[in-house]
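Text of the file my_file24.pdb, holding PDB, C-alpha atoms and all ligand atoms:
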```pdb
ATOM      1  CA  MET L 290      52.992 106.531  -3.046
ATOM      2  CA  LYS L 291      56.527 105.341  -3.546
ATOM      3  CA  HIS L 292      59.070 105.770  -0.809
ATOM      4  CA  THR L 293      62.156 107.749  -1.780
ATOM      5  CA  LEU L 294      65.617 108.108  -0.309
ATOM      6  CA  PRO L 295      65.799 111.076   2.086
ATOM      7  CA  LYS L 296      68.733 113.412   1.541
ATOM      8  CA  LEU L 297      71.525 113.328   4.081
ATOM      9  CA  PRO L 298      71.342 116.459   6.247
ATOM     10  CA  TYR L 299      75.132 116.929   5.769
ATOM     11  CA  SER L 300      77.818 115.976   3.274
ATOM     12  CA  ASN L 301      79.138 112.413   3.048
ATOM     13  CA  ASP L 302      82.400 113.361   4.710
ATOM     14  CA  ALA L 303      80.889 115.591   7.418
ATOM     15  CA  LEU L 304      81.242 112.924  10.100
ATOM     16  CA  GLU L 305      84.938 112.264   9.492
ATOM     17  CA  PRO L 306      87.166 111.156  11.075
ATOM     18  CA  TYR L 307      84.636 109.104  13.059
ATOM     19  CA  ILE L 308      82.667 107.809  10.070
ATOM     20  CA  ASP L 309      84.382 108.058   6.688
ATOM     21  CA  GLY L 310      82.783 109.561   3.600
ATOM     22  CA  ARG L 311      82.977 106.434   1.466
ATOM     23  CA  THR L 312      81.145 104.393   4.108
ATOM     24  CA  MET L 313      78.466 107.078   4.395
ATOM     25  CA  GLU L 314      78.028 107.214   0.626
ATOM     26  CA  ILE L 315      77.653 103.461   0.201
ATOM     27  CA  HIS L 316      75.552 103.077   3.348
ATOM     28  CA  HIS L 317      73.164 105.819   2.257
ATOM     29  CA  THR L 318      72.933 105.413  -1.534
ATOM     30  CA  LYS L 319      73.280 101.626  -1.760
ATOM     31  CA  HIS L 320      72.132  99.997   1.480
ATOM     32  CA  HIS L 321      69.381 102.437   2.461
ATOM     33  CA  GLN L 322      68.245 102.709  -1.166
ATOM     34  CA  GLY L 323      68.140  98.919  -1.337
ATOM     35  CA  TYR L 324      65.698  98.709   1.574
ATOM     36  CA  ILE L 325      63.505 101.360  -0.072
ATOM     37  CA  ASP L 326      63.464  99.566  -3.419
ATOM     38  CA  LYS L 327      62.442  96.268  -1.832
ATOM     39  CA  LEU L 328      59.842  97.977   0.375
ATOM     40  CA  ASN L 329      58.336  99.657  -2.697
ATOM     41  CA  ALA L 330      58.309  96.355  -4.567
ATOM     42  CA  VAL L 331      56.343  94.563  -1.854
ATOM     43  CA  LEU L 332      53.941  97.485  -1.301
ATOM     44  CA  GLU L 333      53.217  97.597  -5.020
ATOM     45  CA  LYS L 334      51.568  94.202  -4.560
ATOM     46  CA  HIS L 335      49.342  95.579  -1.798
ATOM     47  CA  PRO L 336      47.793  98.903  -2.885
ATOM     48  CA  ASN L 337      45.366  98.739   0.057
ATOM     49  CA  ILE L 338      48.186  99.368   2.548
ATOM     50  CA  ALA L 339      50.752 101.104   0.320
ATOM     51  CA  ASP L 340      49.863 104.616   1.484
ATOM     52  CA  ARG L 341      49.979 103.895   5.219
ATOM     53  CA  PRO L 342      53.024 105.250   7.093
ATOM     54  CA  VAL L 343      55.693 102.586   7.572
ATOM     55  CA  GLU L 344      55.541 103.090  11.377
ATOM     56  CA  ASP L 345      51.887 102.178  11.205
ATOM     57  CA  LEU L 346      52.588  99.031   9.145
ATOM     58  CA  LEU L 347      55.219  97.867  11.642
ATOM     59  CA  LYS L 348      53.038  98.607  14.690
ATOM     60  CA  ASN L 349      50.234  96.560  13.153
ATOM     61  CA  LEU L 350      52.299  93.998  11.282
ATOM     62  CA  GLU L 351      50.519  90.944  12.649
ATOM     63  CA  SER L 352      47.096  92.154  11.602
ATOM     64  CA  LEU L 353      48.022  93.115   8.025
ATOM     65  CA  SER L 354      46.186  91.036   5.454
ATOM     66  CA  VAL L 355      49.307  89.981   3.572
ATOM     67  CA  ASP L 356      51.004  86.583   3.573
ATOM     68  CA  GLU L 357      53.847  85.726   5.959
ATOM     69  CA  LYS L 358      56.495  86.158   3.290
ATOM     70  CA  ASP L 359      55.381  89.699   2.550
ATOM     71  CA  LYS L 360      55.046  90.513   6.258
ATOM     72  CA  LYS L 361      58.676  89.556   6.593
ATOM     73  CA  MET L 362      59.575  91.795   3.647
ATOM     74  CA  ILE L 363      57.751  94.729   5.271
ATOM     75  CA  ARG L 364      59.396  93.998   8.624
ATOM     76  CA  ASN L 365      62.892  93.852   7.126
ATOM     77  CA  HIS L 366      62.744  96.525   4.447
ATOM     78  CA  GLY L 367      60.226  98.857   6.067
ATOM     79  CA  GLY L 368      62.344  98.599   9.199
ATOM     80  CA  GLY L 369      65.497  99.167   7.161
ATOM     81  CA  HIS L 370      64.031 102.313   5.609
ATOM     82  CA  LEU L 371      62.781 103.786   8.915
ATOM     83  CA  ASN L 372      65.864 102.848  10.911
ATOM     84  CA  HIS L 373      68.262 104.456   8.481
ATOM     85  CA  SER L 374      66.082 107.560   8.035
ATOM     86  CA  LEU L 375      66.344 108.155  11.789
ATOM     87  CA  PHE L 376      70.026 107.211  11.944
ATOM     88  CA  TRP L 377      71.016 110.014   9.523
ATOM     89  CA  GLN L 378      68.988 112.529  11.519
ATOM     90  CA  ILE L 379      70.411 111.814  14.963
ATOM     91  CA  MET L 380      73.999 112.184  13.762
ATOM     92  CA  GLY L 381      75.753 115.370  12.780
ATOM     93  CA  PRO L 382      79.106 117.140  12.675
ATOM     94  CA  LYS L 383      77.986 119.418  15.531
ATOM     95  CA  LYS L 384      76.286 118.539  18.796
ATOM     96  CA  LYS L 385      72.664 119.657  19.031
ATOM     97  CA  VAL L 386      71.857 118.480  22.529
ATOM     98  CA  ASP L 387      68.284 117.597  23.447
ATOM     99  CA  ASN L 388      68.102 118.743  27.061
ATOM    100  CA  LYS L 389      64.856 116.981  27.896
ATOM    101  CA  LEU L 390      66.286 113.726  26.586
ATOM    102  CA  VAL L 391      69.477 114.172  28.606
ATOM    103  CA  LYS L 392      67.409 114.756  31.740
ATOM    104  CA  ASP L 393      65.223 111.702  31.085
ATOM    105  CA  ILE L 394      68.286 109.542  30.434
ATOM    106  CA  ALA L 395      69.880 110.598  33.720
ATOM    107  CA  LYS L 396      66.626 109.886  35.545
ATOM    108  CA  THR L 397      66.245 106.449  33.963
ATOM    109  CA  PHE L 398      69.821 105.173  33.903
ATOM    110  CA  GLY L 399      71.426 107.064  36.788
ATOM    111  CA  SER L 400      73.744 109.181  34.660
ATOM    112  CA  LEU L 401      74.717 109.832  31.070
ATOM    113  CA  ASP L 402      77.845 107.739  31.565
ATOM    114  CA  ASP L 403      75.862 104.808  32.956
ATOM    115  CA  PHE L 404      73.554 105.026  29.952
ATOM    116  CA  LYS L 405      76.454 105.102  27.510
ATOM    117  CA  LYS L 406      78.035 102.135  29.201
ATOM    118  CA  GLN L 407      74.868 100.026  29.079
ATOM    119  CA  PHE L 408      74.189 101.024  25.469
ATOM    120  CA  THR L 409      77.788 100.282  24.475
ATOM    121  CA  ASP L 410      77.651  96.860  26.151
ATOM    122  CA  LEU L 411      74.536  95.943  24.178
ATOM    123  CA  ALA L 412      76.104  97.174  20.924
ATOM    124  CA  THR L 413      79.338  95.283  21.561
ATOM    125  CA  THR L 414      77.649  92.004  22.473
ATOM    126  CA  LEU L 415      74.990  91.975  19.742
ATOM    127  CA  PHE L 416      75.633  88.784  17.804
ATOM    128  CA  GLY L 417      75.432  89.132  14.035
ATOM    129  CA  SER L 418      73.656  92.105  12.461
ATOM    130  CA  GLY L 419      71.270  94.439  14.195
ATOM    131  CA  TRP L 420      70.711  97.653  16.079
ATOM    132  CA  VAL L 421      70.735  98.906  19.631
ATOM    133  CA  TRP L 422      67.891 101.237  20.472
ATOM    134  CA  LEU L 423      66.876 103.743  23.061
ATOM    135  CA  ALA L 424      63.117 103.961  22.693
ATOM    136  CA  ARG L 425      60.114 105.421  24.494
ATOM    137  CA  ASP L 426      57.150 103.303  25.493
ATOM    138  CA  GLU L 427      53.529 104.455  25.344
ATOM    139  CA  LYS L 428      54.011 106.150  28.734
ATOM    140  CA  ASP L 429      57.093 108.028  27.508
ATOM    141  CA  LYS L 430      59.420 105.879  29.618
ATOM    142  CA  LEU L 431      62.846 105.124  28.125
ATOM    143  CA  HIS L 432      64.007 101.562  27.399
ATOM    144  CA  LEU L 433      67.087  99.973  25.847
ATOM    145  CA  HIS L 434      66.644  97.263  23.234
ATOM    146  CA  GLN L 435      69.106  95.040  21.439
ATOM    147  CA  MET L 436      67.325  94.004  18.245
ATOM    148  CA  PRO L 437      68.357  91.728  15.348
ATOM    149  CA  ASN L 438      68.334  92.497  11.628
ATOM    150  CA  GLN L 439      66.310  95.608  10.778
ATOM    151  CA  ASP L 440      63.709  95.086  13.485
ATOM    152  CA  SER L 441      62.249  98.382  14.653
ATOM    153  CA  PRO L 442      61.097  99.253  18.188
ATOM    154  CA  HIS L 443      57.776 100.109  16.503
ATOM    155  CA  LEU L 444      57.194  96.335  16.293
ATOM    156  CA  HIS L 445      56.717  96.487  20.085
ATOM    157  CA  GLY L 446      54.820  99.759  20.057
ATOM    158  CA  HIS L 447      57.868 101.724  21.174
ATOM    159  CA  THR L 448      59.074 104.905  19.508
ATOM    160  CA  PRO L 449      62.782 104.890  18.620
ATOM    161  CA  VAL L 450      64.828 107.837  19.893
ATOM    162  CA  ILE L 451      68.459 106.792  19.407
ATOM    163  CA  GLY L 452      69.612 103.868  17.284
ATOM    164  CA  LEU L 453      73.034 102.527  16.497
ATOM    165  CA  ASP L 454      73.510 100.452  13.364
ATOM    166  CA  VAL L 455      75.998  97.667  14.115
ATOM    167  CA  TRP L 456      75.693  95.894  10.789
ATOM    168  CA  GLU L 457      79.173  95.453   9.362
ATOM    169  CA  HIS L 458      78.183  97.608   6.368
ATOM    170  CA  ALA L 459      78.057 100.557   8.797
ATOM    171  CA  TYR L 460      81.737 100.372   9.718
ATOM    172  CA  TYR L 461      83.694  97.668   7.917
ATOM    173  CA  LEU L 462      85.599  99.847   5.415
ATOM    174  CA  LYS L 463      87.217 101.908   8.156
ATOM    175  CA  TYR L 464      87.095  99.687  11.228
ATOM    176  CA  GLN L 465      87.100  96.132   9.779
ATOM    177  CA  ASN L 466      86.489  93.725  12.681
ATOM    178  CA  LYS L 467      86.934  96.399  15.349
ATOM    179  CA  ARG L 468      83.311  97.065  16.158
ATOM    180  CA  ALA L 469      84.170  98.427  19.598
ATOM    181  CA  ASP L 470      86.267 101.201  18.006
ATOM    182  CA  TYR L 471      83.365 102.161  15.734
ATOM    183  CA  ILE L 472      80.993 102.303  18.696
ATOM    184  CA  ALA L 473      83.402 104.444  20.722
ATOM    185  CA  ALA L 474      83.837 106.827  17.770
ATOM    186  CA  TRP L 475      80.095 107.019  17.100
ATOM    187  CA  TRP L 476      79.324 108.796  20.371
ATOM    188  CA  ASN L 477      81.159 111.799  18.902
ATOM    189  CA  VAL L 478      78.715 112.140  16.023
ATOM    190  CA  LEU L 479      75.529 111.348  17.931
ATOM    191  CA  LYS L 480      74.369 114.943  18.202
ATOM    192  CA  LEU L 481      71.507 114.573  20.716
ATOM    193  CA  ILE L 482      73.586 114.046  23.845
ATOM    194  CA  PRO L 483      76.911 115.515  24.968
TER     195      PRO L 483
HETATM  196 MN    MN Y   1      72.807 100.126   7.865
END
```

Can you turn what I pasted into structure tokens?
Ligand code: MN
Amino acid sequence: MKHTLPKLPYSNDALEPYIDGRTMEIHHTKHHQGYIDKLNAVLEKHPNIADRPVEDLLKNLESLSVDEKDKKMIRNHGGGHLNHSLFWQIMGPKKKVDNKLVKDIAKTFGSLDDFKKQFTDLATTLFGSGWVWLARDEKDKLHLHQMPNQDSPHLHGHTPVIGLDVWEHAYYLKYQNKRADYIAAWWNVLKLIP
């Protein structure tokens, strides 16, 4: 079963002025599509695992009977596909607050503001390309992760809840080198928390 590009749940320009339409279009139809194409290409070589959910492949990456080069392809491009699929879903032009999540965040990090500050610090200081994640462990406890490349929290058995893409392709057209401005703007389009 080939993976296909999920539709954006809003128009390309719905997140303006925080994220511009041209960036969304390229990010979604070129970058995300690129991860899917490369994931499909590597899975085509391995029909025995091709139908397993990508989460499952990442959780069990080490035990897959594929060579190291292909494991890396699955890690990078499977991660790229999953990460972006979630990223589109957690953003939106209107807030749709998840009250249980807000409560859990306050319990874990002290307050919503403390959480945002810690998350922002990790996003600002991430060197090179990667993501910052809020993820749940197997006991439902929340954790922050700063992860390189397209690494997914699933690699550690954690379930991603909120992710911020800080690859330059996510913001360069509008923000150029000003990553901190992109991060500050992004909180406005993250719909899950106020
Ligand atoms: Mn991206």

| request: Evaluate the PyMOL selection byres (((chain L and resi 454-470) around 9) and not hetatm) on the structure here and hand back the selected residues as a list of chain:residue names. | output: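 Evaluating the PyMOL selection byres (((chain L and resi 454-470) around 9) and not hetatm) on these coordinates yields L:Ile308, L:Asp309, L:Arg311, L:Thr312, L:Met313, L:Ile315, L:His316, L:His320, L:Asn372, L:His373, L:Phe376, L:Thr409, L:Ala412, L:Thr413, L:Leu415, L:Gly417, L:Ser418, L:Gly419, L:Trp420, L:Val421, L:Asn438, L:Gly452, L:Leu453, L:Tyr471, L:Ile472, L:Ala473, L:Ala474, L:Trp475.
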
| L:Asp302, L:Glu351, L:Glu357, L:Asp440: which is nearest ligand MN 1 (chain Y), counting only C-alpha atoms and all ligand atoms? |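 Closest candidate: L:Asp440.
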
| said: Which residue is closest to ligand MN 1 (chain Y)? Choose from L:Asp393, L:Glu314, L:Asp326, L:Glu333 and count only C-alpha atoms and all ligand atoms. | reply: L:Glu314

| query | Mind pulling up the distance from atom CA of Val450 of chain L to atom CA of Lys360 of chain L? | reply | 24.1 Å

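The closest residue to ligand MN 1 (chain Y), picked from L:Ile325, L:His317, L:Lys361, L:Ser400 and counting only C-alpha atoms and all ligand atoms, is L:His317.
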
| request: Report the residues retrieved by the PyMOL selection byres (((chain L and resi 375) around 12) and not hetatm) from the displayed file, expressed as a ChimeraX atom specification. | output: /L:295-298,317,321,344,368-374,376-381,422,441,448-454,479

| Nearest candidate to ligand MN 1 (chain Y) (options L:Arg341, L:Asn349, L:Ser300, L:His366; using only C-alpha atoms and all ligand atoms) |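 Closest residue, counting only C-alpha atoms and all ligand atoms: L:His366.
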
| Quick one, how far is atom CA of Leu481 of chain L from atom CA of Gly446 of chain L? | 22.3 Å

| field | atom CA of Thr414 of chain L to atom CA of Arg364 of chain L, distance in Å rounded to a single decimal | value |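 That distance, rounded to one decimal, is 23.0 Å.
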
Start from the incomplete input, build N, CA and C atoms for segment 354-376 of chain L, and deliver everything as a PDB file, keeping the file's coordinate frame.
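The file below, part03.pdb, is the result:
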```
ATOM      1  N   SER L 354      46.689  92.158   6.252  1.00  0.00           N
ATOM      2  CA  SER L 354      46.186  91.036   5.454  1.00  0.00           C
ATOM      3  C   SER L 354      47.107  90.786   4.252  1.00  0.00           C
ATOM      4  N   VAL L 355      48.346  90.395   4.593  1.00  0.00           N
ATOM      5  CA  VAL L 355      49.307  89.981   3.572  1.00  0.00           C
ATOM      6  C   VAL L 355      49.919  88.661   4.048  1.00  0.00           C
ATOM      7  N   ASP L 356      50.482  87.884   3.140  1.00  0.00           N
ATOM      8  CA  ASP L 356      51.004  86.583   3.573  1.00  0.00           C
ATOM      9  C   ASP L 356      52.301  86.748   4.383  1.00  0.00           C
ATOM     10  N   GLU L 357      52.712  85.662   5.017  1.00  0.00           N
ATOM     11  CA  GLU L 357      53.847  85.726   5.959  1.00  0.00           C
ATOM     12  C   GLU L 357      55.128  86.194   5.273  1.00  0.00           C
ATOM     13  N   LYS L 358      55.290  85.787   4.031  1.00  0.00           N
ATOM     14  CA  LYS L 358      56.495  86.158   3.290  1.00  0.00           C
ATOM     15  C   LYS L 358      56.542  87.680   3.094  1.00  0.00           C
ATOM     16  N   ASP L 359      55.419  88.249   2.763  1.00  0.00           N
ATOM     17  CA  ASP L 359      55.381  89.699   2.550  1.00  0.00           C
ATOM     18  C   ASP L 359      55.448  90.468   3.870  1.00  0.00           C
ATOM     19  N   LYS L 360      54.890  89.896   4.931  1.00  0.00           N
ATOM     20  CA  LYS L 360      55.046  90.513   6.258  1.00  0.00           C
ATOM     21  C   LYS L 360      56.520  90.627   6.611  1.00  0.00           C
ATOM     22  N   LYS L 361      57.249  89.562   6.303  1.00  0.00           N
ATOM     23  CA  LYS L 361      58.676  89.556   6.593  1.00  0.00           C
ATOM     24  C   LYS L 361      59.410  90.609   5.762  1.00  0.00           C
ATOM     25  N   MET L 362      58.978  90.765   4.507  1.00  0.00           N
ATOM     26  CA  MET L 362      59.575  91.795   3.647  1.00  0.00           C
ATOM     27  C   MET L 362      59.320  93.193   4.227  1.00  0.00           C
ATOM     28  N   ILE L 363      58.104  93.414   4.700  1.00  0.00           N
ATOM     29  CA  ILE L 363      57.751  94.729   5.271  1.00  0.00           C
ATOM     30  C   ILE L 363      58.542  94.959   6.565  1.00  0.00           C
ATOM     31  N   ARG L 364      58.637  93.901   7.378  1.00  0.00           N
ATOM     32  CA  ARG L 364      59.396  93.998   8.624  1.00  0.00           C
ATOM     33  C   ARG L 364      60.855  94.353   8.357  1.00  0.00           C
ATOM     34  N   ASN L 365      61.467  93.641   7.406  1.00  0.00           N
ATOM     35  CA  ASN L 365      62.892  93.852   7.126  1.00  0.00           C
ATOM     36  C   ASN L 365      63.160  95.154   6.374  1.00  0.00           C
ATOM     37  N   HIS L 366      62.419  95.385   5.316  1.00  0.00           N
ATOM     38  CA  HIS L 366      62.744  96.525   4.447  1.00  0.00           C
ATOM     39  C   HIS L 366      62.048  97.808   4.880  1.00  0.00           C
ATOM     40  N   GLY L 367      60.849  97.683   5.452  1.00  0.00           N
ATOM     41  CA  GLY L 367      60.226  98.857   6.067  1.00  0.00           C
ATOM     42  C   GLY L 367      61.048  99.294   7.264  1.00  0.00           C
ATOM     43  N   GLY L 368      61.469  98.304   8.065  1.00  0.00           N
ATOM     44  CA  GLY L 368      62.344  98.599   9.199  1.00  0.00           C
ATOM     45  C   GLY L 368      63.647  99.219   8.731  1.00  0.00           C
ATOM     46  N   GLY L 369      64.238  98.638   7.695  1.00  0.00           N
ATOM     47  CA  GLY L 369      65.497  99.167   7.161  1.00  0.00           C
ATOM     48  C   GLY L 369      65.359 100.617   6.721  1.00  0.00           C
ATOM     49  N   HIS L 370      64.266 100.936   6.072  1.00  0.00           N
ATOM     50  CA  HIS L 370      64.031 102.313   5.609  1.00  0.00           C
ATOM     51  C   HIS L 370      63.873 103.265   6.808  1.00  0.00           C
ATOM     52  N   LEU L 371      63.015 102.902   7.752  1.00  0.00           N
ATOM     53  CA  LEU L 371      62.781 103.786   8.915  1.00  0.00           C
ATOM     54  C   LEU L 371      64.033 103.937   9.770  1.00  0.00           C
ATOM     55  N   ASN L 372      64.694 102.816  10.029  1.00  0.00           N
ATOM     56  CA  ASN L 372      65.864 102.848  10.911  1.00  0.00           C
ATOM     57  C   ASN L 372      66.945 103.766  10.353  1.00  0.00           C
ATOM     58  N   HIS L 373      67.209 103.626   9.069  1.00  0.00           N
ATOM     59  CA  HIS L 373      68.262 104.456   8.481  1.00  0.00           C
ATOM     60  C   HIS L 373      67.833 105.921   8.389  1.00  0.00           C
ATOM     61  N   SER L 374      66.559 106.168   8.101  1.00  0.00           N
ATOM     62  CA  SER L 374      66.082 107.560   8.035  1.00  0.00           C
ATOM     63  C   SER L 374      66.340 108.265   9.365  1.00  0.00           C
ATOM     64  N   LEU L 375      66.096 107.556  10.471  1.00  0.00           N
ATOM     65  CA  LEU L 375      66.344 108.155  11.789  1.00  0.00           C
ATOM     66  C   LEU L 375      67.844 108.274  12.073  1.00  0.00           C
ATOM     67  N   PHE L 376      68.576 107.249  11.674  1.00  0.00           N
ATOM     68  CA  PHE L 376      70.026 107.211  11.944  1.00  0.00           C
ATOM     69  C   PHE L 376      70.723 108.453  11.373  1.00  0.00           C
TER      70      PHE L 376
END
```
